[in-house]
Every structure is written in structure tokens, then in C-alpha cells.
file data00.cif (mmCIF, N, CA and C atoms)
data_target
#
loop_
_atom_site.label_atom_id
_atom_site.label_comp_id
_atom_site.auth_asym_id
_atom_site.auth_seq_id
_atom_site.Cartn_x
_atom_site.Cartn_y
_atom_site.Cartn_z
N MET A 1491 0.81 -1.18 0.00
CA MET A 1491 0.00 0.00 0.00
C MET A 1491 0.87 1.26 0.00
N GLN A 1492 2.00 1.24 0.70
CA GLN A 1492 2.89 2.40 0.77
C GLN A 1492 3.54 2.67 -0.58
N LYS A 1493 3.85 1.63 -1.35
CA LYS A 1493 4.43 1.80 -2.68
C LYS A 1493 3.44 2.50 -3.61
N GLN A 1494 2.17 2.15 -3.50
CA GLN A 1494 1.15 2.78 -4.34
C GLN A 1494 1.01 4.27 -4.01
N ALA A 1495 1.11 4.62 -2.74
CA ALA A 1495 1.01 6.02 -2.33
C ALA A 1495 2.20 6.82 -2.89
N LYS A 1496 3.41 6.25 -2.80
CA LYS A 1496 4.59 6.93 -3.35
C LYS A 1496 4.46 7.09 -4.86
N PHE A 1497 3.96 6.06 -5.52
CA PHE A 1497 3.77 6.11 -6.96
C PHE A 1497 2.75 7.20 -7.32
N GLY A 1498 1.66 7.27 -6.57
CA GLY A 1498 0.63 8.28 -6.80
C GLY A 1498 1.15 9.70 -6.60
N VAL A 1499 1.95 9.89 -5.54
CA VAL A 1499 2.53 11.22 -5.29
C VAL A 1499 3.50 11.58 -6.42
N GLY A 1500 4.30 10.64 -6.86
CA GLY A 1500 5.25 10.88 -7.96
C GLY A 1500 4.53 11.28 -9.24
N ILE A 1501 3.46 10.55 -9.56
CA ILE A 1501 2.67 10.88 -10.75
C ILE A 1501 2.06 12.27 -10.60
N GLY A 1502 1.55 12.59 -9.42
CA GLY A 1502 0.96 13.91 -9.18
C GLY A 1502 1.95 15.04 -9.37
N VAL A 1503 3.18 14.85 -8.87
CA VAL A 1503 4.22 15.86 -9.02
C VAL A 1503 4.57 16.05 -10.50
N ILE A 1504 4.68 14.96 -11.23
CA ILE A 1504 5.02 15.05 -12.65
C ILE A 1504 3.91 15.76 -13.43
N VAL A 1505 2.66 15.42 -13.16
CA VAL A 1505 1.53 16.05 -13.86
C VAL A 1505 1.48 17.55 -13.52
N ALA A 1506 1.68 17.89 -12.24
CA ALA A 1506 1.66 19.30 -11.84
C ALA A 1506 2.79 20.08 -12.52
N ALA A 1507 3.98 19.49 -12.59
CA ALA A 1507 5.11 20.16 -13.23
C ALA A 1507 4.86 20.37 -14.72
N MET A 1508 4.31 19.37 -15.39
CA MET A 1508 4.02 19.49 -16.82
C MET A 1508 2.94 20.55 -17.06
N GLY A 1509 1.93 20.59 -16.20
CA GLY A 1509 0.89 21.61 -16.33
C GLY A 1509 1.45 23.01 -16.14
N PHE A 1510 2.33 23.18 -15.16
CA PHE A 1510 2.96 24.47 -14.91
C PHE A 1510 3.80 24.91 -16.10
N LEU A 1511 4.59 24.00 -16.66
CA LEU A 1511 5.41 24.33 -17.82
C LEU A 1511 4.56 24.68 -19.03
N ALA A 1512 3.46 23.98 -19.23
CA ALA A 1512 2.55 24.29 -20.34
C ALA A 1512 1.95 25.68 -20.16
N TRP A 1513 1.56 26.01 -18.93
CA TRP A 1513 0.98 27.33 -18.65
C TRP A 1513 2.01 28.43 -18.90
N LEU A 1514 3.26 28.23 -18.49
CA LEU A 1514 4.31 29.21 -18.74
C LEU A 1514 4.56 29.39 -20.23
N GLY A 1515 4.62 28.29 -20.95
CA GLY A 1515 4.85 28.34 -22.39
C GLY A 1515 3.73 29.07 -23.12
N TYR A 1516 2.52 28.86 -22.70
CA TYR A 1516 1.38 29.54 -23.31
C TYR A 1516 1.47 31.04 -23.07
N GLY A 1517 1.80 31.43 -21.86
CA GLY A 1517 1.91 32.85 -21.52
C GLY A 1517 3.00 33.55 -22.30
N GLU A 1518 4.11 32.88 -22.54
CA GLU A 1518 5.23 33.47 -23.27
C GLU A 1518 4.95 33.56 -24.77
N SER A 1519 4.10 32.69 -25.29
CA SER A 1519 3.92 32.64 -26.73
C SER A 1519 2.78 33.51 -27.24
N LYS A 1520 1.89 33.97 -26.38
CA LYS A 1520 0.77 34.76 -26.90
C LYS A 1520 1.24 36.17 -27.22
N THR A 1521 0.77 36.65 -28.36
CA THR A 1521 1.15 37.95 -28.86
C THR A 1521 -0.11 38.67 -29.33
N TYR A 1522 -0.31 39.90 -28.87
CA TYR A 1522 -1.48 40.68 -29.24
C TYR A 1522 -1.14 41.57 -30.43
N TYR A 1523 -2.16 41.82 -31.28
CA TYR A 1523 -1.98 42.70 -32.43
C TYR A 1523 -2.58 44.07 -32.10
N HIS A 1524 -1.83 45.12 -32.35
CA HIS A 1524 -2.31 46.49 -32.16
C HIS A 1524 -1.94 47.32 -33.38
N THR A 1525 -2.74 48.35 -33.62
CA THR A 1525 -2.38 49.30 -34.68
C THR A 1525 -1.51 50.38 -34.06
N ILE A 1526 -0.85 51.16 -34.91
CA ILE A 1526 0.02 52.23 -34.43
C ILE A 1526 -0.80 53.25 -33.64
N ALA A 1527 -2.02 53.51 -34.07
CA ALA A 1527 -2.87 54.49 -33.39
C ALA A 1527 -3.30 54.01 -32.01
N GLU A 1528 -3.37 52.70 -31.80
CA GLU A 1528 -3.78 52.16 -30.49
C GLU A 1528 -2.67 52.22 -29.45
N LEU A 1529 -1.42 52.23 -29.85
CA LEU A 1529 -0.31 52.14 -28.90
C LEU A 1529 -0.35 53.21 -27.80
N PRO A 1530 -0.61 54.49 -28.11
CA PRO A 1530 -0.63 55.49 -27.04
C PRO A 1530 -1.77 55.28 -26.03
N THR A 1531 -2.80 54.54 -26.41
CA THR A 1531 -3.94 54.33 -25.51
C THR A 1531 -3.73 53.17 -24.55
N LEU A 1532 -2.69 52.36 -24.75
CA LEU A 1532 -2.45 51.21 -23.88
C LEU A 1532 -1.99 51.68 -22.50
N THR A 1533 -2.47 50.99 -21.47
CA THR A 1533 -2.09 51.34 -20.10
C THR A 1533 -1.68 50.10 -19.33
N GLY A 1534 -0.97 50.30 -18.24
CA GLY A 1534 -0.61 49.21 -17.32
C GLY A 1534 0.17 48.10 -17.97
N ALA A 1535 -0.24 46.87 -17.64
CA ALA A 1535 0.47 45.68 -18.13
C ALA A 1535 0.36 45.53 -19.64
N ALA A 1536 -0.71 46.03 -20.24
CA ALA A 1536 -0.89 45.92 -21.69
C ALA A 1536 0.23 46.63 -22.45
N LYS A 1537 0.81 47.65 -21.85
CA LYS A 1537 1.86 48.41 -22.50
C LYS A 1537 3.19 47.66 -22.56
N SER A 1538 3.40 46.71 -21.65
CA SER A 1538 4.67 45.99 -21.62
C SER A 1538 4.58 44.59 -22.21
N GLN A 1539 3.40 44.17 -22.68
CA GLN A 1539 3.24 42.84 -23.25
C GLN A 1539 3.89 42.75 -24.62
N ARG A 1540 4.24 41.53 -24.99
CA ARG A 1540 4.74 41.26 -26.33
C ARG A 1540 3.58 41.48 -27.30
N MET A 1541 3.83 42.17 -28.41
CA MET A 1541 2.76 42.48 -29.34
C MET A 1541 3.27 42.58 -30.76
N ARG A 1542 2.31 42.60 -31.69
CA ARG A 1542 2.59 42.81 -33.10
C ARG A 1542 1.95 44.13 -33.50
N VAL A 1543 2.65 44.87 -34.34
CA VAL A 1543 2.14 46.15 -34.83
C VAL A 1543 2.34 46.17 -36.34
N GLY A 1544 1.28 46.53 -37.07
CA GLY A 1544 1.36 46.60 -38.52
C GLY A 1544 1.34 48.03 -39.00
N GLY A 1545 1.98 48.27 -40.14
CA GLY A 1545 1.99 49.61 -40.72
C GLY A 1545 2.75 49.61 -42.04
N THR A 1546 3.03 50.78 -42.52
CA THR A 1546 3.76 50.98 -43.77
C THR A 1546 5.12 51.59 -43.46
N VAL A 1547 6.16 51.11 -44.11
CA VAL A 1547 7.50 51.68 -43.92
C VAL A 1547 7.51 53.08 -44.52
N ALA A 1548 7.80 54.07 -43.70
CA ALA A 1548 7.80 55.47 -44.15
C ALA A 1548 8.90 55.68 -45.19
N PRO A 1549 8.58 56.38 -46.28
CA PRO A 1549 9.59 56.64 -47.32
C PRO A 1549 10.78 57.42 -46.76
N GLY A 1550 11.97 57.00 -47.14
CA GLY A 1550 13.19 57.69 -46.72
C GLY A 1550 13.63 57.37 -45.30
N SER A 1551 12.94 56.43 -44.64
CA SER A 1551 13.28 56.14 -43.24
C SER A 1551 13.53 54.66 -43.02
N ILE A 1552 13.93 53.97 -44.03
CA ILE A 1552 14.04 52.51 -43.98
C ILE A 1552 14.67 52.04 -42.68
N HIS A 1553 14.07 51.06 -42.09
CA HIS A 1553 14.50 50.42 -40.84
C HIS A 1553 14.25 51.28 -39.60
N ARG A 1554 13.64 52.45 -39.74
CA ARG A 1554 13.51 53.31 -38.57
C ARG A 1554 12.10 53.74 -38.23
N LEU A 1555 11.17 53.81 -39.19
CA LEU A 1555 9.88 54.42 -38.93
C LEU A 1555 8.77 53.71 -39.68
N MET A 1556 7.65 53.50 -38.99
CA MET A 1556 6.46 52.94 -39.63
C MET A 1556 5.33 53.95 -39.50
N GLU A 1557 4.42 53.93 -40.48
CA GLU A 1557 3.27 54.81 -40.49
C GLU A 1557 2.00 53.98 -40.53
N GLY A 1558 0.93 54.56 -39.99
CA GLY A 1558 -0.37 53.92 -40.07
C GLY A 1558 -1.42 54.78 -39.41
N GLU A 1559 -2.55 54.96 -40.09
CA GLU A 1559 -3.68 55.72 -39.56
C GLU A 1559 -3.28 57.14 -39.16
N GLY A 1560 -2.39 57.75 -39.92
CA GLY A 1560 -1.97 59.11 -39.65
C GLY A 1560 -0.97 59.25 -38.52
N LYS A 1561 -0.50 58.16 -37.96
CA LYS A 1561 0.46 58.18 -36.85
C LYS A 1561 1.78 57.57 -37.33
N THR A 1562 2.86 57.88 -36.63
CA THR A 1562 4.15 57.27 -36.93
C THR A 1562 4.68 56.55 -35.70
N LEU A 1563 5.52 55.56 -35.92
CA LEU A 1563 6.10 54.77 -34.84
C LEU A 1563 7.58 54.53 -35.14
N PRO A 1564 8.49 55.06 -34.31
CA PRO A 1564 9.91 54.74 -34.48
C PRO A 1564 10.16 53.29 -34.09
N VAL A 1565 10.94 52.57 -34.88
CA VAL A 1565 11.19 51.15 -34.66
C VAL A 1565 12.68 50.87 -34.61
N SER A 1566 13.10 50.06 -33.64
CA SER A 1566 14.48 49.56 -33.56
C SER A 1566 14.43 48.05 -33.70
N TYR A 1567 15.21 47.49 -34.61
CA TYR A 1567 15.23 46.05 -34.84
C TYR A 1567 16.43 45.44 -34.13
N ILE A 1568 16.17 44.45 -33.26
CA ILE A 1568 17.27 43.81 -32.52
C ILE A 1568 17.35 42.32 -32.80
N GLY A 1569 16.61 41.83 -33.79
CA GLY A 1569 16.60 40.41 -34.10
C GLY A 1569 17.90 39.92 -34.70
N ASN A 1570 18.04 38.60 -34.76
CA ASN A 1570 19.25 37.98 -35.31
C ASN A 1570 19.15 37.71 -36.80
N ASP A 1571 17.92 37.54 -37.30
CA ASP A 1571 17.73 37.23 -38.72
C ASP A 1571 17.88 38.50 -39.56
N PRO A 1572 18.37 38.36 -40.79
CA PRO A 1572 18.45 39.54 -41.66
C PRO A 1572 17.04 40.01 -42.02
N LEU A 1573 16.92 41.30 -42.30
CA LEU A 1573 15.62 41.84 -42.70
C LEU A 1573 15.20 41.26 -44.04
N PRO A 1574 13.91 41.06 -44.27
CA PRO A 1574 13.44 40.50 -45.54
C PRO A 1574 13.78 41.41 -46.72
N ASP A 1575 13.97 40.81 -47.89
CA ASP A 1575 14.25 41.58 -49.10
C ASP A 1575 13.12 42.54 -49.45
N THR A 1576 11.90 42.19 -49.06
CA THR A 1576 10.74 43.01 -49.37
C THR A 1576 10.55 44.17 -48.40
N PHE A 1577 11.45 44.33 -47.44
CA PHE A 1577 11.37 45.42 -46.47
C PHE A 1577 12.00 46.66 -47.09
N VAL A 1578 11.18 47.40 -47.83
CA VAL A 1578 11.64 48.60 -48.54
C VAL A 1578 10.65 49.73 -48.25
N ASP A 1579 10.99 50.95 -48.69
CA ASP A 1579 10.09 52.09 -48.51
C ASP A 1579 8.70 51.78 -49.05
N LYS A 1580 7.69 52.19 -48.32
CA LYS A 1580 6.28 52.07 -48.67
C LYS A 1580 5.76 50.63 -48.68
N SER A 1581 6.52 49.68 -48.16
CA SER A 1581 6.01 48.31 -48.09
C SER A 1581 5.23 48.11 -46.79
N GLN A 1582 4.30 47.18 -46.82
CA GLN A 1582 3.55 46.84 -45.62
C GLN A 1582 4.45 45.99 -44.73
N ALA A 1583 4.49 46.31 -43.43
CA ALA A 1583 5.36 45.59 -42.51
C ALA A 1583 4.61 45.22 -41.25
N LEU A 1584 5.03 44.14 -40.63
CA LEU A 1584 4.50 43.68 -39.35
C LEU A 1584 5.70 43.44 -38.45
N VAL A 1585 5.76 44.16 -37.34
CA VAL A 1585 6.87 44.01 -36.40
C VAL A 1585 6.35 43.38 -35.12
N GLU A 1586 7.17 42.52 -34.53
CA GLU A 1586 6.79 41.83 -33.31
C GLU A 1586 7.84 42.11 -32.25
N GLY A 1587 7.40 42.53 -31.08
CA GLY A 1587 8.31 42.85 -29.99
C GLY A 1587 7.57 43.55 -28.87
N HIS A 1588 8.14 44.64 -28.36
CA HIS A 1588 7.50 45.36 -27.26
C HIS A 1588 7.87 46.84 -27.31
N PRO A 1589 6.98 47.70 -26.82
CA PRO A 1589 7.30 49.12 -26.77
C PRO A 1589 8.33 49.41 -25.67
N SER A 1590 9.19 50.36 -25.91
CA SER A 1590 10.17 50.76 -24.90
C SER A 1590 9.68 52.04 -24.22
N PRO A 1591 10.22 52.35 -23.04
CA PRO A 1591 9.79 53.54 -22.31
C PRO A 1591 10.02 54.86 -23.07
N ASP A 1592 11.00 54.88 -23.99
CA ASP A 1592 11.29 56.12 -24.71
C ASP A 1592 10.40 56.35 -25.93
N GLY A 1593 9.39 55.49 -26.13
CA GLY A 1593 8.45 55.68 -27.23
C GLY A 1593 8.77 54.90 -28.49
N ARG A 1594 9.93 54.27 -28.54
CA ARG A 1594 10.30 53.44 -29.69
C ARG A 1594 9.68 52.06 -29.54
N PHE A 1595 9.55 51.34 -30.65
CA PHE A 1595 9.10 49.96 -30.61
C PHE A 1595 10.33 49.09 -30.88
N VAL A 1596 10.64 48.19 -29.96
CA VAL A 1596 11.80 47.31 -30.10
C VAL A 1596 11.32 46.01 -30.74
N ALA A 1597 11.68 45.81 -32.01
CA ALA A 1597 11.22 44.66 -32.79
C ALA A 1597 12.24 43.54 -32.75
N GLU A 1598 11.75 42.34 -32.47
CA GLU A 1598 12.59 41.14 -32.50
C GLU A 1598 12.36 40.36 -33.79
N VAL A 1599 11.19 40.55 -34.41
CA VAL A 1599 10.83 39.88 -35.65
C VAL A 1599 10.24 40.92 -36.59
N VAL A 1600 10.64 40.90 -37.86
CA VAL A 1600 10.10 41.81 -38.86
C VAL A 1600 9.63 40.99 -40.06
N GLN A 1601 8.39 41.23 -40.48
CA GLN A 1601 7.85 40.61 -41.68
C GLN A 1601 7.41 41.73 -42.60
N ALA A 1602 7.61 41.57 -43.90
CA ALA A 1602 7.24 42.62 -44.84
C ALA A 1602 6.74 42.00 -46.13
N LYS A 1603 5.88 42.76 -46.81
CA LYS A 1603 5.44 42.33 -48.13
C LYS A 1603 5.46 43.54 -49.05
N CYS A 1604 5.67 43.29 -50.29
CA CYS A 1604 5.70 44.35 -51.29
C CYS A 1604 4.46 44.16 -52.15
N ALA A 1605 3.50 45.05 -52.02
CA ALA A 1605 2.23 44.89 -52.74
C ALA A 1605 2.44 44.86 -54.25
N SER A 1606 3.40 45.63 -54.78
CA SER A 1606 3.60 45.67 -56.22
C SER A 1606 4.11 44.35 -56.77
N LYS A 1607 4.61 43.50 -55.91
CA LYS A 1607 5.13 42.21 -56.35
C LYS A 1607 4.05 41.33 -56.96
N TYR A 1608 2.81 41.55 -56.55
CA TYR A 1608 1.72 40.69 -56.99
C TYR A 1608 0.73 41.43 -57.88
N GLU A 1609 1.01 42.66 -58.25
CA GLU A 1609 0.14 43.40 -59.14
C GLU A 1609 0.49 43.08 -60.58
N ALA A 1610 -0.47 43.33 -61.46
CA ALA A 1610 -0.25 43.10 -62.88
C ALA A 1610 0.75 44.10 -63.42
N ALA A 1611 1.57 43.65 -64.36
CA ALA A 1611 2.51 44.55 -65.02
C ALA A 1611 1.72 45.53 -65.88
N PRO A 1612 2.22 46.76 -66.08
CA PRO A 1612 1.51 47.72 -66.92
C PRO A 1612 1.24 47.13 -68.29
N GLY A 1613 -0.03 47.16 -68.70
CA GLY A 1613 -0.41 46.62 -70.00
C GLY A 1613 -0.56 45.11 -70.00
N GLY A 1614 -0.32 44.45 -68.86
CA GLY A 1614 -0.42 43.00 -68.78
C GLY A 1614 -1.80 42.57 -68.33
N SER A 1615 -2.03 41.27 -68.36
CA SER A 1615 -3.33 40.74 -67.97
C SER A 1615 -3.39 40.36 -66.50
N GLY A 1616 -2.27 40.43 -65.80
CA GLY A 1616 -2.26 40.11 -64.38
C GLY A 1616 -2.11 38.63 -64.09
N GLY A 1617 -1.73 37.85 -65.10
CA GLY A 1617 -1.57 36.41 -64.90
C GLY A 1617 -0.26 36.07 -64.23
N ALA A 1618 0.07 34.80 -64.21
CA ALA A 1618 1.29 34.31 -63.55
C ALA A 1618 2.54 34.87 -64.23
N ALA A 1619 2.48 35.08 -65.54
CA ALA A 1619 3.65 35.59 -66.23
C ALA A 1619 4.01 37.00 -65.76
N ALA A 1620 2.97 37.80 -65.51
CA ALA A 1620 3.22 39.17 -65.05
C ALA A 1620 3.87 39.17 -63.68
N SER A 1621 3.39 38.31 -62.78
CA SER A 1621 3.96 38.32 -61.44
C SER A 1621 5.36 37.73 -61.41
N SER A 1622 5.66 36.77 -62.29
CA SER A 1622 7.01 36.22 -62.29
C SER A 1622 7.98 37.22 -62.90
N THR A 1623 7.52 38.06 -63.86
CA THR A 1623 8.37 39.08 -64.42
C THR A 1623 8.74 40.10 -63.36
N GLN A 1624 7.74 40.53 -62.58
CA GLN A 1624 8.01 41.52 -61.55
C GLN A 1624 8.86 40.93 -60.44
N ARG A 1625 8.66 39.67 -60.13
CA ARG A 1625 9.43 39.05 -59.06
C ARG A 1625 10.91 39.08 -59.39
N SER A 1626 11.25 38.86 -60.66
CA SER A 1626 12.67 38.83 -61.02
C SER A 1626 13.26 40.24 -61.08
N SER A 1627 12.39 41.27 -61.22
CA SER A 1627 12.93 42.62 -61.33
C SER A 1627 13.13 43.27 -59.97
N MET A 1628 12.67 42.69 -58.87
CA MET A 1628 12.80 43.31 -57.55
C MET A 1628 14.10 43.00 -56.91
#
call {"tool": "encode", "arguments": {"input": "data00.cif", "output": "C-alpha cells"}}
result
Amino acid sequence: MQKQAKFGVGIGVIVAAMGFLAWLGYGESKTYYHTIAELPTLTGAAKSQRMRVGGTVAPGSIHRLMEGEGKTLPVSYIGNDPLPDTFVDKSQALVEGHPSPDGRFVAEVVQAKCASKYEAAPGGSGGAAASSTQRSSM
């Protein structure tokens, strides 16, 4: 009977530890999406949470500034991966990280897309040939 009790306690400890680790992992992995205009309205713990922010790369400010909804957001990239090739002026970008106390957004992950990459070539029909031509020219 004593062996069964020890076995039960051991199983309980293992299950509790696995549950705790799963809860921690879930908390670390959740990321909220906010627009640039929403950032100044965040208060308390919401301001320090990991989040994603979408916007447009401001012309002439590559790697430093995003625009959206009439607002601008200074961005600092600290990630290890190189920036995507599509991260150019006026491209749509999504940065993931956290706001810093000085008003900058510290990005650990940057994703970007170039809308013109998938548009039809001038005078073209917009088929696959048009998009592959533009893809090679970028």
C-alpha cells in the first residue's frame, strides 16, 4: 500500500510540473496585435506585453519608422535574422516585440510584403507571367 502512495505522489508531481510548464509556455507565446494608433492608448500591463504592430514603412526612413492611420512609430530592430528583401520604402510591414519607455518599438521579428510584387505589369493581364516578371525585377 505504501508503494502505491509513493507512486501516486510521484505521478501527481510530474503532472503538476508538466501543467505548470505548459501554462508558462502559453503565456510566453501569446502575442497581441495592435495598430500604431492604439499604442498610445495602452495602459498598465498591456503596454509591456509582447505584441505585433502593422503599418507601412515610411519613405526615406528605412529600418527606422512605420506609419499607419496618420500616426508614426519609431522602430528599432534587434533580431538575429536579416531583414526581408521586401522590407523597402512604402512596403507593408508587421513588427513583433515590445514598446520601450522612450516611445520606440523594439522589434525582434520583422515581416514585410511588397504589394507591387503581386500586381499586374503595366499593359499586362495580371496572370502568372506578369507576377514572375516583376518578381525577377525586384
call {"tool": "closest_residue", "arguments": {"input": "data00.cif", "among": "A:Val1547, A:Met1508, A:Leu1563, A:Val1499", "to": "Glu1528 in chain A", "atoms": "only C-alpha atoms"}}
result
A:Leu1563
call {"tool": "closest_residue", "arguments": {"input": "data00.cif", "among": "A:Val1543, A:Ile1504, A:Ala1512, A:Ala1548", "to": "His1524 in chain A", "atoms": "only N, CA and C atoms"}}
result
A:Val1543
call {"tool": "atom_distance", "arguments": {"input": "data00.cif", "atom1": "CA of Leu1584 in chain A", "atom2": "CA of Val1600 in chain A"}}
result
5.9 Å
call {"tool": "select_by_dssp", "arguments": {"input": "data00.cif", "residues": "range 1502-1620 of chain A", "states": "strand (DSSP E)", "output": "PyMOL selection string"}}
result
chain A and resi 1522-1525+1541-1547+1555-1558+1561-1567+1582-1589+1595-1603
call {"tool": "write_last_selection", "arguments": {"input": "data00.cif", "atoms": "N, CA and C atoms", "output": "CSV table (one decimal), in the frame of the given file"}}
result
chain,number,residue,atom,x,y,z
A,1522,TYR,N,-0.3,39.9,-28.9
A,1522,TYR,CA,-1.5,40.7,-29.2
A,1522,TYR,C,-1.1,41.6,-30.4
A,1523,TYR,N,-2.2,41.8,-31.3
A,1523,TYR,CA,-2.0,42.7,-32.4
A,1523,TYR,C,-2.6,44.1,-32.1
A,1524,HIS,N,-1.8,45.1,-32.4
A,1524,HIS,CA,-2.3,46.5,-32.2
A,1524,HIS,C,-1.9,47.3,-33.4
A,1525,THR,N,-2.7,48.4,-33.6
A,1525,THR,CA,-2.4,49.3,-34.7
A,1525,THR,C,-1.5,50.4,-34.1
A,1541,MET,N,3.8,42.2,-28.4
A,1541,MET,CA,2.8,42.5,-29.3
A,1541,MET,C,3.3,42.6,-30.8
A,1542,ARG,N,2.3,42.6,-31.7
A,1542,ARG,CA,2.6,42.8,-33.1
A,1542,ARG,C,2.0,44.1,-33.5
A,1543,VAL,N,2.6,44.9,-34.3
A,1543,VAL,CA,2.1,46.2,-34.8
A,1543,VAL,C,2.3,46.2,-36.3
A,1544,GLY,N,1.3,46.5,-37.1
A,1544,GLY,CA,1.4,46.6,-38.5
A,1544,GLY,C,1.3,48.0,-39.0
A,1545,GLY,N,2.0,48.3,-40.1
A,1545,GLY,CA,2.0,49.6,-40.7
A,1545,GLY,C,2.8,49.6,-42.0
A,1546,THR,N,3.0,50.8,-42.5
A,1546,THR,CA,3.8,51.0,-43.8
A,1546,THR,C,5.1,51.6,-43.5
A,1547,VAL,N,6.2,51.1,-44.1
A,1547,VAL,CA,7.5,51.7,-43.9
A,1547,VAL,C,7.5,53.1,-44.5
A,1555,LEU,N,11.2,53.8,-39.2
A,1555,LEU,CA,9.9,54.4,-38.9
A,1555,LEU,C,8.8,53.7,-39.7
A,1556,MET,N,7.6,53.5,-39.0
A,1556,MET,CA,6.5,52.9,-39.6
A,1556,MET,C,5.3,54.0,-39.5
A,1557,GLU,N,4.4,53.9,-40.5
A,1557,GLU,CA,3.3,54.8,-40.5
A,1557,GLU,C,2.0,54.0,-40.5
A,1558,GLY,N,0.9,54.6,-40.0
A,1558,GLY,CA,-0.4,53.9,-40.1
A,1558,GLY,C,-1.4,54.8,-39.4
A,1561,LYS,N,-0.5,58.2,-38.0
A,1561,LYS,CA,0.5,58.2,-36.8
A,1561,LYS,C,1.8,57.6,-37.3
A,1562,THR,N,2.9,57.9,-36.6
A,1562,THR,CA,4.2,57.3,-36.9
A,1562,THR,C,4.7,56.6,-35.7
A,1563,LEU,N,5.5,55.6,-35.9
A,1563,LEU,CA,6.1,54.8,-34.8
A,1563,LEU,C,7.6,54.5,-35.1
A,1564,PRO,N,8.5,55.1,-34.3
A,1564,PRO,CA,9.9,54.7,-34.5
A,1564,PRO,C,10.2,53.3,-34.1
A,1565,VAL,N,10.9,52.6,-34.9
A,1565,VAL,CA,11.2,51.2,-34.7
A,1565,VAL,C,12.7,50.9,-34.6
A,1566,SER,N,13.1,50.1,-33.6
A,1566,SER,CA,14.5,49.6,-33.6
A,1566,SER,C,14.4,48.0,-33.7
A,1567,TYR,N,15.2,47.5,-34.6
A,1567,TYR,CA,15.2,46.0,-34.8
A,1567,TYR,C,16.4,45.4,-34.1
A,1582,GLN,N,4.3,47.2,-46.8
A,1582,GLN,CA,3.6,46.8,-45.6
A,1582,GLN,C,4.4,46.0,-44.7
A,1583,ALA,N,4.5,46.3,-43.4
A,1583,ALA,CA,5.4,45.6,-42.5
A,1583,ALA,C,4.6,45.2,-41.2
A,1584,LEU,N,5.0,44.1,-40.6
A,1584,LEU,CA,4.5,43.7,-39.4
A,1584,LEU,C,5.7,43.4,-38.4
A,1585,VAL,N,5.8,44.2,-37.3
A,1585,VAL,CA,6.9,44.0,-36.4
A,1585,VAL,C,6.4,43.4,-35.1
A,1586,GLU,N,7.2,42.5,-34.5
A,1586,GLU,CA,6.8,41.8,-33.3
A,1586,GLU,C,7.8,42.1,-32.2
A,1587,GLY,N,7.4,42.5,-31.1
A,1587,GLY,CA,8.3,42.8,-30.0
A,1587,GLY,C,7.6,43.6,-28.9
A,1588,HIS,N,8.1,44.6,-28.4
A,1588,HIS,CA,7.5,45.4,-27.3
A,1588,HIS,C,7.9,46.8,-27.3
A,1589,PRO,N,7.0,47.7,-26.8
A,1589,PRO,CA,7.3,49.1,-26.8
A,1589,PRO,C,8.3,49.4,-25.7
A,1595,PHE,N,9.6,51.3,-30.6
A,1595,PHE,CA,9.1,50.0,-30.6
A,1595,PHE,C,10.3,49.1,-30.9
A,1596,VAL,N,10.6,48.2,-30.0
A,1596,VAL,CA,11.8,47.3,-30.1
A,1596,VAL,C,11.3,46.0,-30.7
A,1597,ALA,N,11.7,45.8,-32.0
A,1597,ALA,CA,11.2,44.7,-32.8
A,1597,ALA,C,12.2,43.5,-32.8
A,1598,GLU,N,11.8,42.3,-32.5
A,1598,GLU,CA,12.6,41.1,-32.5
A,1598,GLU,C,12.4,40.4,-33.8
A,1599,VAL,N,11.2,40.6,-34.4
A,1599,VAL,CA,10.8,39.9,-35.6
A,1599,VAL,C,10.2,40.9,-36.6
A,1600,VAL,N,10.6,40.9,-37.9
A,1600,VAL,CA,10.1,41.8,-38.9
A,1600,VAL,C,9.6,41.0,-40.1
A,1601,GLN,N,8.4,41.2,-40.5
A,1601,GLN,CA,7.8,40.6,-41.7
A,1601,GLN,C,7.4,41.7,-42.6
A,1602,ALA,N,7.6,41.6,-43.9
A,1602,ALA,CA,7.2,42.6,-44.8
A,1602,ALA,C,6.7,42.0,-46.1
A,1603,LYS,N,5.9,42.8,-46.8
A,1603,LYS,CA,5.4,42.3,-48.1
A,1603,LYS,C,5.5,43.5,-49.0
call {"tool": "closest_residue", "arguments": {"input": "data00.cif", "among": "A:Leu1573, A:Ala1583, A:Leu1514, A:Val1505", "to": "Gly1544 in chain A", "atoms": "all atoms listed in the file"}}
result
A:Ala1583
call {"tool": "residues_around", "arguments": {"input": "data00.cif", "residues": "Tyr1523 in chain A", "least_positions_apart": "3", "cutoff": "8 Å", "atoms": "only N, CA and C atoms", "output": "number ranges by chain"}}
result
A: 1520, 1526, 1540-1544
call {"tool": "atom_distance", "arguments": {"input": "data00.cif", "atom1": "atom C of Trp1513 in chain A", "atom2": "CA of Asn1570 in chain A"}}
result
25.6 Å
call {"tool": "closest_residue", "arguments": {"input": "data00.cif", "among": "A:Gln1539, A:Lys1496, A:Pro1574, A:Lys1603", "to": "Pro1589 in chain A", "atoms": "all atoms listed in the file"}}
result
A:Gln1539
call {"tool": "atom_distance", "arguments": {"input": "data00.cif", "atom1": "CA of Gly1560 in chain A", "atom2": "CA of Ala1527 in chain A"}}
result
7.8 Å
call {"tool": "resolve_selection", "arguments": {"input": "data00.cif", "expression": "the PyMOL selection byres (((chain A and resi 1592-1596 and name CA) around 8) and name CA)", "output": "PyMOL selection string"}}
result
chain A and resi 1563-1568+1587-1591+1597-1598
